[in-house]
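Participant: Sharing target_11.cif below, mmCIF, C-alpha atoms:
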data_structure
#
loop_
_atom_site.group_PDB
_atom_site.id
_atom_site.type_symbol
_atom_site.label_atom_id
_atom_site.label_comp_id
_atom_site.auth_asym_id
_atom_site.auth_seq_id
_atom_site.Cartn_x
_atom_site.Cartn_y
_atom_site.Cartn_z
ATOM 1 C CA MET A 640 0.258 11.087 -12.062
ATOM 2 C CA ARG A 641 1.965 14.056 -10.462
ATOM 3 C CA VAL A 642 2.378 14.081 -6.720
ATOM 4 C CA ASN A 643 3.063 17.306 -4.872
ATOM 5 C CA ALA A 644 6.669 17.258 -3.746
ATOM 6 C CA THR A 645 7.462 18.228 -0.209
ATOM 7 C CA GLY A 646 11.230 17.855 -0.501
ATOM 8 C CA ARG A 647 13.689 15.930 1.603
ATOM 9 C CA VAL A 648 16.507 16.634 4.011
ATOM 10 C CA LEU A 649 19.875 16.152 2.307
ATOM 11 C CA HIS A 650 22.976 15.346 4.331
ATOM 12 C CA ASP A 651 26.495 16.458 3.471
ATOM 13 C CA PRO A 652 29.135 13.737 4.086
ATOM 14 C CA LYS A 653 31.326 16.470 5.596
ATOM 15 C CA GLY A 654 28.593 17.334 8.077
ATOM 16 C CA GLY A 655 25.474 19.443 8.065
ATOM 17 C CA SER A 656 22.130 19.033 6.402
ATOM 18 C CA PHE A 657 19.504 21.164 4.732
ATOM 19 C CA ARG A 658 15.994 20.842 3.354
ATOM 20 C CA PHE A 659 15.830 20.672 -0.425
ATOM 21 C CA ASP A 660 12.614 20.646 -2.436
ATOM 22 C CA ALA A 661 13.300 19.677 -6.032
ATOM 23 C CA GLY A 662 9.709 20.473 -6.996
ATOM 24 C CA ALA A 663 8.966 16.928 -8.198
ATOM 25 C CA VAL A 664 9.232 13.572 -6.472
ATOM 26 C CA CYS A 665 11.224 12.104 -9.371
ATOM 27 C CA LEU A 666 13.844 14.844 -8.953
ATOM 28 C CA ASP A 667 13.881 14.350 -5.184
ATOM 29 C CA PHE A 668 14.657 10.705 -5.980
ATOM 30 C CA ALA A 669 17.490 11.748 -8.317
ATOM 31 C CA HIS A 670 19.264 13.268 -5.309
ATOM 32 C CA THR A 671 19.455 10.070 -3.234
ATOM 33 C CA GLY A 672 23.020 9.379 -4.356
ATOM 34 C CA GLY A 673 24.920 8.853 -7.555
ATOM 35 C CA GLU A 674 27.866 7.530 -9.447
ATOM 36 C CA GLY A 675 31.500 8.591 -9.682
ATOM 37 C CA GLN A 676 32.170 11.761 -7.702
ATOM 38 C CA TYR A 677 28.627 11.659 -6.303
ATOM 39 C CA ALA A 678 29.019 8.177 -4.783
ATOM 40 C CA ILE A 679 29.882 9.780 -1.429
ATOM 41 C CA PHE A 680 26.268 11.003 -1.267
ATOM 42 C CA GLU A 681 24.806 7.511 -1.701
ATOM 43 C CA THR A 682 21.874 6.774 0.600
ATOM 44 C CA LEU A 683 20.473 3.659 -1.096
ATOM 45 C CA HIS A 684 22.983 1.058 0.059
ATOM 46 C CA GLU A 685 20.579 -1.837 0.631
ATOM 47 C CA PRO A 686 17.139 -2.780 -0.726
ATOM 48 C CA ALA A 687 15.687 -1.771 2.652
ATOM 49 C CA ASP A 688 17.011 1.774 2.112
ATOM 50 C CA LEU A 689 14.972 2.030 -1.084
ATOM 51 C CA ALA A 690 11.897 0.723 0.711
ATOM 52 C CA GLU A 691 12.382 3.301 3.463
ATOM 53 C CA TRP A 692 12.769 6.180 0.995
ATOM 54 C CA LEU A 693 9.639 5.191 -0.914
ATOM 55 C CA ALA A 694 7.650 4.833 2.311
ATOM 56 C CA GLN A 695 8.224 8.489 3.216
ATOM 57 C CA PRO A 696 5.722 10.994 1.856
ATOM 58 C CA PRO A 697 5.623 11.542 -0.972
ATOM 59 C CA PRO A 698 5.131 9.008 -2.428
ATOM 60 C CA ALA A 699 4.302 7.299 0.899
ATOM 61 C CA ALA A 700 4.408 3.923 -0.801
ATOM 62 C CA VAL A 701 4.789 1.325 1.941
ATOM 63 C CA MET A 702 5.972 -1.858 0.268
ATOM 64 C CA THR A 703 3.857 -4.969 0.685
ATOM 65 C CA ALA A 704 6.550 -7.045 -1.034
ATOM 66 C CA THR A 705 10.204 -7.088 0.006
ATOM 67 C CA VAL A 706 12.417 -4.947 -2.208
ATOM 68 C CA THR A 707 14.951 -7.103 -4.032
ATOM 69 C CA ALA A 708 18.591 -6.439 -4.905
ATOM 70 C CA ARG A 709 17.595 -6.410 -8.568
ATOM 71 C CA GLU A 710 14.981 -3.709 -7.907
ATOM 72 C CA LEU A 711 17.608 -1.646 -6.091
ATOM 73 C CA THR A 712 19.910 -1.915 -9.104
ATOM 74 C CA THR A 713 17.037 -0.937 -11.423
ATOM 75 C CA ALA A 714 16.235 2.013 -9.152
ATOM 76 C CA LYS A 715 19.795 3.310 -9.327
ATOM 77 C CA VAL A 716 19.838 3.029 -13.128
ATOM 78 C CA LEU A 717 16.557 4.966 -13.298
ATOM 79 C CA ARG A 718 17.873 7.526 -10.814
ATOM 80 C CA GLN A 719 20.924 8.184 -13.014
ATOM 81 C CA ALA A 720 18.713 8.515 -16.094
ATOM 82 C CA ILE A 721 16.488 11.070 -14.347
ATOM 83 C CA TRP A 722 19.592 12.970 -13.177
ATOM 84 C CA ASP A 723 21.125 12.986 -16.671
ATOM 85 C CA ALA A 724 17.879 14.023 -18.366
ATOM 86 C CA ALA A 725 17.202 16.802 -15.851
ATOM 87 C CA HIS A 726 20.699 18.243 -16.241
ATOM 88 C CA ALA A 727 20.449 18.095 -20.025
ATOM 89 C CA ARG A 728 17.125 19.925 -19.977
ATOM 90 C CA ALA A 729 18.432 22.516 -17.501
ATOM 91 C CA ALA A 730 21.385 23.179 -19.833
ATOM 92 C CA ARG A 731 19.071 23.210 -22.875
ATOM 93 C CA ARG A 732 20.928 20.261 -24.400
ATOM 94 C CA PRO A 733 19.300 17.311 -26.185
ATOM 95 C CA LEU A 734 18.316 14.570 -23.761
ATOM 96 C CA PRO A 735 20.723 11.597 -23.734
ATOM 97 C CA ALA A 736 19.173 8.751 -25.727
ATOM 98 C CA GLU A 737 20.154 6.189 -23.086
ATOM 99 C CA ALA A 738 18.455 8.194 -20.337
ATOM 100 C CA VAL A 739 15.269 8.522 -22.393
ATOM 101 C CA ALA A 740 15.252 4.772 -23.093
ATOM 102 C CA THR A 741 15.776 3.948 -19.410
ATOM 103 C CA ILE A 742 12.955 6.254 -18.259
ATOM 104 C CA ASN A 743 10.601 4.889 -20.923
ATOM 105 C CA ARG A 744 11.484 1.307 -19.997
ATOM 106 C CA ALA A 745 10.766 1.903 -16.309
ATOM 107 C CA ALA A 746 7.432 3.508 -17.194
ATOM 108 C CA THR A 747 6.198 0.383 -18.986
ATOM 109 C CA ALA A 748 5.661 -1.441 -15.683
ATOM 110 C CA ALA A 749 2.326 -1.061 -13.921
ATOM 111 C CA PRO A 750 2.380 2.069 -11.732
ATOM 112 C CA LEU A 751 1.118 2.524 -8.205
ATOM 113 C CA ILE A 752 -2.669 2.519 -8.140
ATOM 114 C CA PRO A 753 -4.366 5.129 -5.940
ATOM 115 C CA GLU A 754 -7.075 3.823 -3.639
ATOM 116 C CA LEU A 755 -9.667 5.843 -1.761
ATOM 117 C CA ALA A 756 -9.997 4.889 1.905
ATOM 118 C CA ALA A 757 -13.334 3.720 3.293
ATOM 119 C CA ASP A 758 -13.921 7.108 4.923
ATOM 120 C CA GLY A 759 -13.805 8.711 1.487
ATOM 121 C CA THR A 760 -11.497 11.504 2.651
ATOM 122 C CA THR A 761 -8.018 9.972 2.410
ATOM 123 C CA ALA A 762 -6.195 7.915 -0.169
ATOM 124 C CA GLY A 763 -3.336 5.467 -0.288
ATOM 125 C CA TRP A 764 -1.931 2.935 -2.706
ATOM 126 C CA ALA A 765 -3.852 -0.226 -3.538
ATOM 127 C CA PRO A 766 -2.005 -3.430 -2.620
ATOM 128 C CA PRO A 767 0.124 -5.061 -3.679
ATOM 129 C CA VAL A 768 2.666 -2.223 -3.449
ATOM 130 C CA ARG A 769 5.939 -3.179 -5.105
ATOM 131 C CA ALA A 770 9.120 -1.229 -5.782
ATOM 132 C CA THR A 771 8.748 -1.764 -9.535
ATOM 133 C CA GLN A 772 5.388 0.020 -9.395
ATOM 134 C CA ALA A 773 6.859 2.938 -7.463
ATOM 135 C CA LEU A 774 9.717 3.242 -9.954
ATOM 136 C CA SER A 775 7.218 3.221 -12.813
ATOM 137 C CA THR A 776 5.302 6.032 -11.110
ATOM 138 C CA LEU A 777 8.515 8.061 -10.749
ATOM 139 C CA ALA A 778 9.429 7.437 -14.394
ATOM 140 C CA ARG A 779 5.961 8.503 -15.540
ATOM 141 C CA GLU A 780 6.209 11.679 -13.479
ATOM 142 C CA MET A 781 9.557 12.440 -15.145
ATOM 143 C CA ILE A 782 8.017 11.878 -18.582
ATOM 144 C CA GLU A 783 5.204 14.245 -17.707
ATOM 145 C CA LEU A 784 7.660 16.802 -16.361
ATOM 146 C CA LEU A 785 9.934 16.716 -19.420
ATOM 147 C CA SER A 786 7.070 16.868 -21.890
ATOM 148 C CA GLY A 787 4.869 19.342 -20.008
ATOM 149 C CA PRO A 788 4.717 23.090 -19.388
ATOM 150 C CA LEU A 789 7.198 22.968 -16.490
ATOM 151 C CA SER A 790 9.928 21.501 -18.679
ATOM 152 C CA GLU A 791 11.423 24.943 -19.299
ATOM 153 C CA ARG A 792 11.454 25.542 -15.544
ATOM 154 C CA ILE A 793 13.979 22.771 -14.814
ATOM 155 C CA ARG A 794 17.032 24.533 -13.407
ATOM 156 C CA GLU A 795 20.437 23.758 -11.941
ATOM 157 C CA CYS A 796 21.431 25.662 -8.819
ATOM 158 C CA ALA A 797 23.152 28.917 -9.793
ATOM 159 C CA SER A 798 26.055 28.259 -7.425
ATOM 160 C CA ASP A 799 29.339 27.492 -9.188
ATOM 161 C CA ASN A 800 29.853 24.231 -7.325
ATOM 162 C CA CYS A 801 26.327 22.916 -6.672
ATOM 163 C CA PRO A 802 24.871 20.420 -9.161
ATOM 164 C CA LEU A 803 21.403 20.111 -7.594
ATOM 165 C CA VAL A 804 18.516 20.372 -10.056
ATOM 166 C CA PHE A 805 14.958 21.463 -9.385
ATOM 167 C CA VAL A 806 11.728 22.627 -10.975
ATOM 168 C CA ASP A 807 11.227 26.340 -10.457
ATOM 169 C CA THR A 808 7.581 26.431 -9.452
ATOM 170 C CA SER A 809 7.734 29.991 -8.141
ATOM 171 C CA ARG A 810 5.181 32.293 -9.742
ATOM 172 C CA PRO A 811 7.753 34.703 -11.226
ATOM 173 C CA GLY A 812 10.053 31.852 -12.266
ATOM 174 C CA ALA A 813 12.964 33.495 -10.475
ATOM 175 C CA ARG A 814 14.272 30.706 -8.237
ATOM 176 C CA ARG A 815 18.058 30.458 -8.581
ATOM 177 C CA TRP A 816 19.239 28.388 -5.633
ATOM 178 C CA CYS A 817 18.792 24.821 -4.434
ATOM 179 C CA ALA A 818 17.894 26.374 -1.072
ATOM 180 C CA MET A 819 18.262 29.894 0.279
ATOM 181 C CA GLU A 820 19.581 28.505 3.571
ATOM 182 C CA ARG A 821 22.473 26.898 1.681
ATOM 183 C CA CYS A 822 23.677 28.316 -1.632
ATOM 184 C CA GLY A 823 21.515 31.436 -1.487
ATOM 185 C CA ASN A 824 23.003 32.525 1.827
ATOM 186 C CA ARG A 825 26.525 31.620 0.720
ATOM 187 C CA HIS A 826 26.090 33.836 -2.339
ATOM 188 C CA LYS A 827 24.794 36.722 -0.215
ATOM 189 C CA LEU A 828 27.741 36.356 2.151
ATOM 190 C CA ARG A 829 30.285 36.331 -0.695
ATOM 191 C CA ALA A 830 28.648 39.381 -2.284
ATOM 192 C CA LEU A 831 28.712 41.220 1.055
ATOM 193 C CA ARG A 832 32.394 40.432 1.588
ATOM 194 C CA ALA A 833 33.216 41.554 -1.949
ATOM 195 C CA ARG A 834 31.457 44.886 -1.363
ATOM 196 C CA GLN A 835 33.229 45.356 1.956
ATOM 197 C CA ALA A 836 36.597 44.633 0.349
ATOM 198 C CA MET A 837 35.997 47.370 -2.212
ATOM 199 C CA GLU A 838 35.072 49.980 0.359
ATOM 200 C CA PRO A 839 37.826 52.507 1.264
#
Can the structure from this file be put into C-alpha cells for me?

Facilitator:
Amino acid sequence: MRVNATGRVLHDPKGGSFRFDAGAVCLDFAHTGGEGQYAIFETLHEPADLAEWLAQPPPAAVMTATVTARELTTAKVLRQAIWDAAHARAARRPLPAEAVATINRAATAAPLIPELAADGTTAGWAPPVRATQALSTLAREMIELLSGPLSERIRECASDNCPLVFVDTSRPGARRWCAMERCGNRHKLRALRARQAMEP
C-alpha cells in the first residue's frame, strides 16, 4: 500500500535543517540515521523515538503498544536494507542479497490495516497498531517501489558529497537534487563563482 510522502525536516549535526521529500515513506525512513559515518545523523536512539517518527504523517501510525528495544533494532536493520537497496538501484547495480532478504522478512509480518472512520470521510489505522506492523508496511512499500514503474526513477542527489536518495516523481523526470534549497542552491552558487572567476 503506497502512502503519499510529504517528506521530513532533516537536521545537520553541524547546524541547520532543510525539508527533504524522498518521494516515498520508506525512503524517508531510510534517512532517519545510519551506520558508520552516518551514525552522527542518528535520530532513533530509543524505542520512543521510533514511535514518535511513525506517529508523524505519513504514516501517522500512533502506536497502541509500546515499542520495544527489539523492534527498534529490527527497524534499524530494515532501514539499512532500504538504504542499501535504494543506493544499489540508483547506481544501477544488482540489489544486495542481504538487503533483499531483510526487506522480504520484514514484509512477512501483518501490515497496518486501514480503517474508515465512522464519518466515512477520514481513515486511520485499525488497532492494535504495533511497530512491527508499521515496519511491514514500510517494507511492502519498498518492495512495490523496487518492482514497480518508479524503480528507474530512484536517484541519488547529484551533489558530489550528498548521499541522499529519492524517487524522482517530477513529470519530466529531471530532478537532480535532494532539495533545491540545499544542494541545488549550492551548485548554482558554485557555478556562478566559476563563471565570475573566468570573466576578464

Participant: Counting only C-alpha atoms, figure out which residue out of A:Glu737, A:Glu710, A:Asp660, A:Asp807 gets nearest to Gln772 (chain A).

Facilitator: A:Glu710

Participant: Check which residues satisfy the PyMOL selection byres ((chain A and resi 716) around 10) in the file shown, then give them as number ranges by chain.

Facilitator: A: 673-674, 710-715, 717-722, 738, 741-742, 745

Participant: For Arg728 (chain A), which residue out of A:Arg658, A:Arg810, A:Arg647, A:Arg792 is the nearest one, using all atoms listed in the file?

Facilitator: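 Smallest distance to Arg728 (chain A) is found for A:Arg792.
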
Participant: Point out the residue among A:Leu683, A:Leu755, A:Ile782, A:Ala661 with the least atom-to-atom distance to Trp816 (chain A), counting all atoms listed in the file.

Facilitator: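 Between A:Leu683, A:Leu755, A:Ile782, A:Ala661, the residue approaching Trp816 (chain A) most closely is A:Ala661.
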
Participant: What separation in Å, quoted to one decimal, exists between CA of Asn743 (chain A) and CA of Phe668 (chain A)?

Facilitator: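 Distance between the two atoms: 16.5 Å.
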
Participant: From the list A:Arg794, A:Cys822, A:Arg815, A:Ala708, which residue is nearest Ala730 (chain A) when using all atoms listed in the file?

Facilitator: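 When distances to Ala730 (chain A) are compared using all atoms listed in the file, the smallest one comes from A:Arg794.
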
Participant: Point out the residue among A:Ile793, A:His670, A:Pro811, A:Arg821 with the least atom-to-atom distance to Ala727 (chain A), counting all atoms listed in the file.

Facilitator: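 Smallest separation from Ala727 (chain A) among the options: A:Ile793.
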
Participant: So how far away is CA of Ala694 (chain A) from CA of Pro766 (chain A), in Å?

Facilitator: 13.6 Å

Participant: Which residue out of A:Ala770, A:Ala690, A:Gly662, A:Tyr677 has the minimum interatomic distance to Arg814 (chain A) when all atoms listed in the file are used?

Facilitator: A:Gly662

Participant: Please compute the CA of Cys796 (chain A)-CA of Ala729 (chain A) distance, one decimal, in Å.

Facilitator: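 Answer for the CA of Cys796 (chain A) to CA of Ala729 (chain A) separation: 9.7 Å.
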
Participant: As lines of an AutoDock Vina configuration file, please: the centre and edge lengths in Å, to one decimal, of an axis-aligned box enclosing every listed atom of region 805-822 of chain A with 5 Å added on each side.

Facilitator:
center_x = 14.4
center_y = 28.1
center_z = -4.3
size_x = 28.5
size_y = 23.2
size_z = 25.8

Participant: Find the residues around Pro767 (chain A) up to 8 Å (all atoms listed in the file counted), leave out those fewer than 3 positions away in its own chain, and share them as a ChimeraX atom specification.

Facilitator: /A:702-704

Participant: Could you tell me which residues the PyMOL selection byres ((chain A and resi 799) around 12) grabs in this file, written as an MDAnalysis selection string?

Facilitator: chainID A and resid 795:798 800:803 815:817 822:823 825:826

Participant: For the structure just given, write the atoms of region 688-699 of chain A, namely all heavy atoms, as a PDB file, in the first residue's frame.

Facilitator:
ATOM      1  N   ASP A 688      11.650   7.075  20.245  1.00  0.00           N
ATOM      2  CA  ASP A 688      11.967   7.875  19.054  1.00  0.00           C
ATOM      3  C   ASP A 688      11.335   7.254  17.813  1.00  0.00           C
ATOM      4  O   ASP A 688      10.829   7.964  16.937  1.00  0.00           O
ATOM      5  CB  ASP A 688      13.481   7.981  18.858  1.00  0.00           C
ATOM      6  CG  ASP A 688      14.176   8.707  19.998  1.00  0.00           C
ATOM      7  OD1 ASP A 688      13.538   9.578  20.614  1.00  0.00           O
ATOM      8  OD2 ASP A 688      15.349   8.389  20.273  1.00  0.00           O
ATOM      9  N   LEU A 689      11.368   5.918  17.749  1.00  0.00           N
ATOM     10  CA  LEU A 689      10.735   5.222  16.629  1.00  0.00           C
ATOM     11  C   LEU A 689       9.233   5.435  16.657  1.00  0.00           C
ATOM     12  O   LEU A 689       8.613   5.725  15.626  1.00  0.00           O
ATOM     13  CB  LEU A 689      11.067   3.728  16.678  1.00  0.00           C
ATOM     14  CG  LEU A 689      10.383   2.853  15.612  1.00  0.00           C
ATOM     15  CD1 LEU A 689      10.763   3.303  14.210  1.00  0.00           C
ATOM     16  CD2 LEU A 689      10.752   1.378  15.840  1.00  0.00           C
ATOM     17  N   ALA A 690       8.650   5.332  17.844  1.00  0.00           N
ATOM     18  CA  ALA A 690       7.206   5.551  17.980  1.00  0.00           C
ATOM     19  C   ALA A 690       6.825   6.955  17.538  1.00  0.00           C
ATOM     20  O   ALA A 690       5.821   7.152  16.841  1.00  0.00           O
ATOM     21  CB  ALA A 690       6.775   5.316  19.429  1.00  0.00           C
ATOM     22  N   GLU A 691       7.645   7.930  17.903  1.00  0.00           N
ATOM     23  CA  GLU A 691       7.365   9.324  17.534  1.00  0.00           C
ATOM     24  C   GLU A 691       7.463   9.518  16.023  1.00  0.00           C
ATOM     25  O   GLU A 691       6.633  10.205  15.426  1.00  0.00           O
ATOM     26  CB  GLU A 691       8.341  10.257  18.251  1.00  0.00           C
ATOM     27  CG  GLU A 691       8.077  11.730  17.975  1.00  0.00           C
ATOM     28  CD  GLU A 691       9.065  12.656  18.682  1.00  0.00           C
ATOM     29  OE1 GLU A 691       9.815  12.169  19.553  1.00  0.00           O
ATOM     30  OE2 GLU A 691       9.087  13.846  18.351  1.00  0.00           O
ATOM     31  N   TRP A 692       8.473   8.916  15.396  1.00  0.00           N
ATOM     32  CA  TRP A 692       8.627   9.063  13.947  1.00  0.00           C
ATOM     33  C   TRP A 692       7.432   8.455  13.215  1.00  0.00           C
ATOM     34  O   TRP A 692       6.889   9.055  12.282  1.00  0.00           O
ATOM     35  CB  TRP A 692       9.927   8.408  13.472  1.00  0.00           C
ATOM     36  CG  TRP A 692      10.279   8.791  12.059  1.00  0.00           C
ATOM     37  CD1 TRP A 692      11.074   9.836  11.671  1.00  0.00           C
ATOM     38  CD2 TRP A 692       9.823   8.171  10.857  1.00  0.00           C
ATOM     39  NE1 TRP A 692      11.134   9.900  10.292  1.00  0.00           N
ATOM     40  CE2 TRP A 692      10.379   8.894   9.764  1.00  0.00           C
ATOM     41  CE3 TRP A 692       8.994   7.082  10.586  1.00  0.00           C
ATOM     42  CZ2 TRP A 692      10.146   8.551   8.436  1.00  0.00           C
ATOM     43  CZ3 TRP A 692       8.745   6.739   9.252  1.00  0.00           C
ATOM     44  CH2 TRP A 692       9.320   7.474   8.192  1.00  0.00           C
ATOM     45  N   LEU A 693       7.026   7.279  13.642  1.00  0.00           N
ATOM     46  CA  LEU A 693       5.906   6.594  12.988  1.00  0.00           C
ATOM     47  C   LEU A 693       4.581   7.319  13.196  1.00  0.00           C
ATOM     48  O   LEU A 693       3.681   7.231  12.354  1.00  0.00           O
ATOM     49  CB  LEU A 693       5.798   5.157  13.499  1.00  0.00           C
ATOM     50  CG  LEU A 693       6.957   4.225  13.126  1.00  0.00           C
ATOM     51  CD1 LEU A 693       6.845   2.919  13.892  1.00  0.00           C
ATOM     52  CD2 LEU A 693       6.987   3.968  11.620  1.00  0.00           C
ATOM     53  N   ALA A 694       4.475   8.051  14.301  1.00  0.00           N
ATOM     54  CA  ALA A 694       3.221   8.751  14.607  1.00  0.00           C
ATOM     55  C   ALA A 694       3.023   9.983  13.732  1.00  0.00           C
ATOM     56  O   ALA A 694       1.895  10.454  13.554  1.00  0.00           O
ATOM     57  CB  ALA A 694       3.181   9.145  16.077  1.00  0.00           C
ATOM     58  N   GLN A 695       4.114  10.499  13.161  1.00  0.00           N
ATOM     59  CA  GLN A 695       4.004  11.677  12.296  1.00  0.00           C
ATOM     60  C   GLN A 695       3.468  11.249  10.934  1.00  0.00           C
ATOM     61  O   GLN A 695       3.771  10.162  10.452  1.00  0.00           O
ATOM     62  CB  GLN A 695       5.364  12.346  12.131  1.00  0.00           C
ATOM     63  CG  GLN A 695       5.950  12.885  13.422  1.00  0.00           C
ATOM     64  CD  GLN A 695       7.349  13.445  13.209  1.00  0.00           C
ATOM     65  OE1 GLN A 695       7.624  14.102  12.211  1.00  0.00           O
ATOM     66  NE2 GLN A 695       8.247  13.167  14.149  1.00  0.00           N
ATOM     67  N   PRO A 696       2.684  12.120  10.299  1.00  0.00           N
ATOM     68  CA  PRO A 696       2.180  11.760   8.974  1.00  0.00           C
ATOM     69  C   PRO A 696       3.196  12.034   7.880  1.00  0.00           C
ATOM     70  O   PRO A 696       3.889  13.045   7.954  1.00  0.00           O
ATOM     71  CB  PRO A 696       0.960  12.675   8.814  1.00  0.00           C
ATOM     72  CG  PRO A 696       1.240  13.848   9.691  1.00  0.00           C
ATOM     73  CD  PRO A 696       2.088  13.340  10.829  1.00  0.00           C
ATOM     74  N   PRO A 697       3.191  11.192   6.854  1.00  0.00           N
ATOM     75  CA  PRO A 697       2.777   9.794   6.951  1.00  0.00           C
ATOM     76  C   PRO A 697       3.873   8.963   7.596  1.00  0.00           C
ATOM     77  O   PRO A 697       5.013   9.414   7.586  1.00  0.00           O
ATOM     78  CB  PRO A 697       2.576   9.410   5.473  1.00  0.00           C
ATOM     79  CG  PRO A 697       3.548  10.269   4.726  1.00  0.00           C
ATOM     80  CD  PRO A 697       3.684  11.548   5.507  1.00  0.00           C
ATOM     81  N   PRO A 698       3.570   7.847   8.167  1.00  0.00           N
ATOM     82  CA  PRO A 698       2.328   7.089   8.075  1.00  0.00           C
ATOM     83  C   PRO A 698       1.272   7.431   9.114  1.00  0.00           C
ATOM     84  O   PRO A 698       0.191   6.881   9.076  1.00  0.00           O
ATOM     85  CB  PRO A 698       2.800   5.647   8.254  1.00  0.00           C
ATOM     86  CG  PRO A 698       3.979   5.760   9.183  1.00  0.00           C
ATOM     87  CD  PRO A 698       4.650   7.057   8.803  1.00  0.00           C
ATOM     88  N   ALA A 699       1.545   8.313  10.044  1.00  0.00           N
ATOM     89  CA  ALA A 699       0.585   8.672  11.096  1.00  0.00           C
ATOM     90  C   ALA A 699       0.071   7.437  11.828  1.00  0.00           C
ATOM     91  O   ALA A 699      -1.126   7.275  12.059  1.00  0.00           O
ATOM     92  CB  ALA A 699      -0.587   9.466  10.501  1.00  0.00           C
TER      93      ALA A 699
END
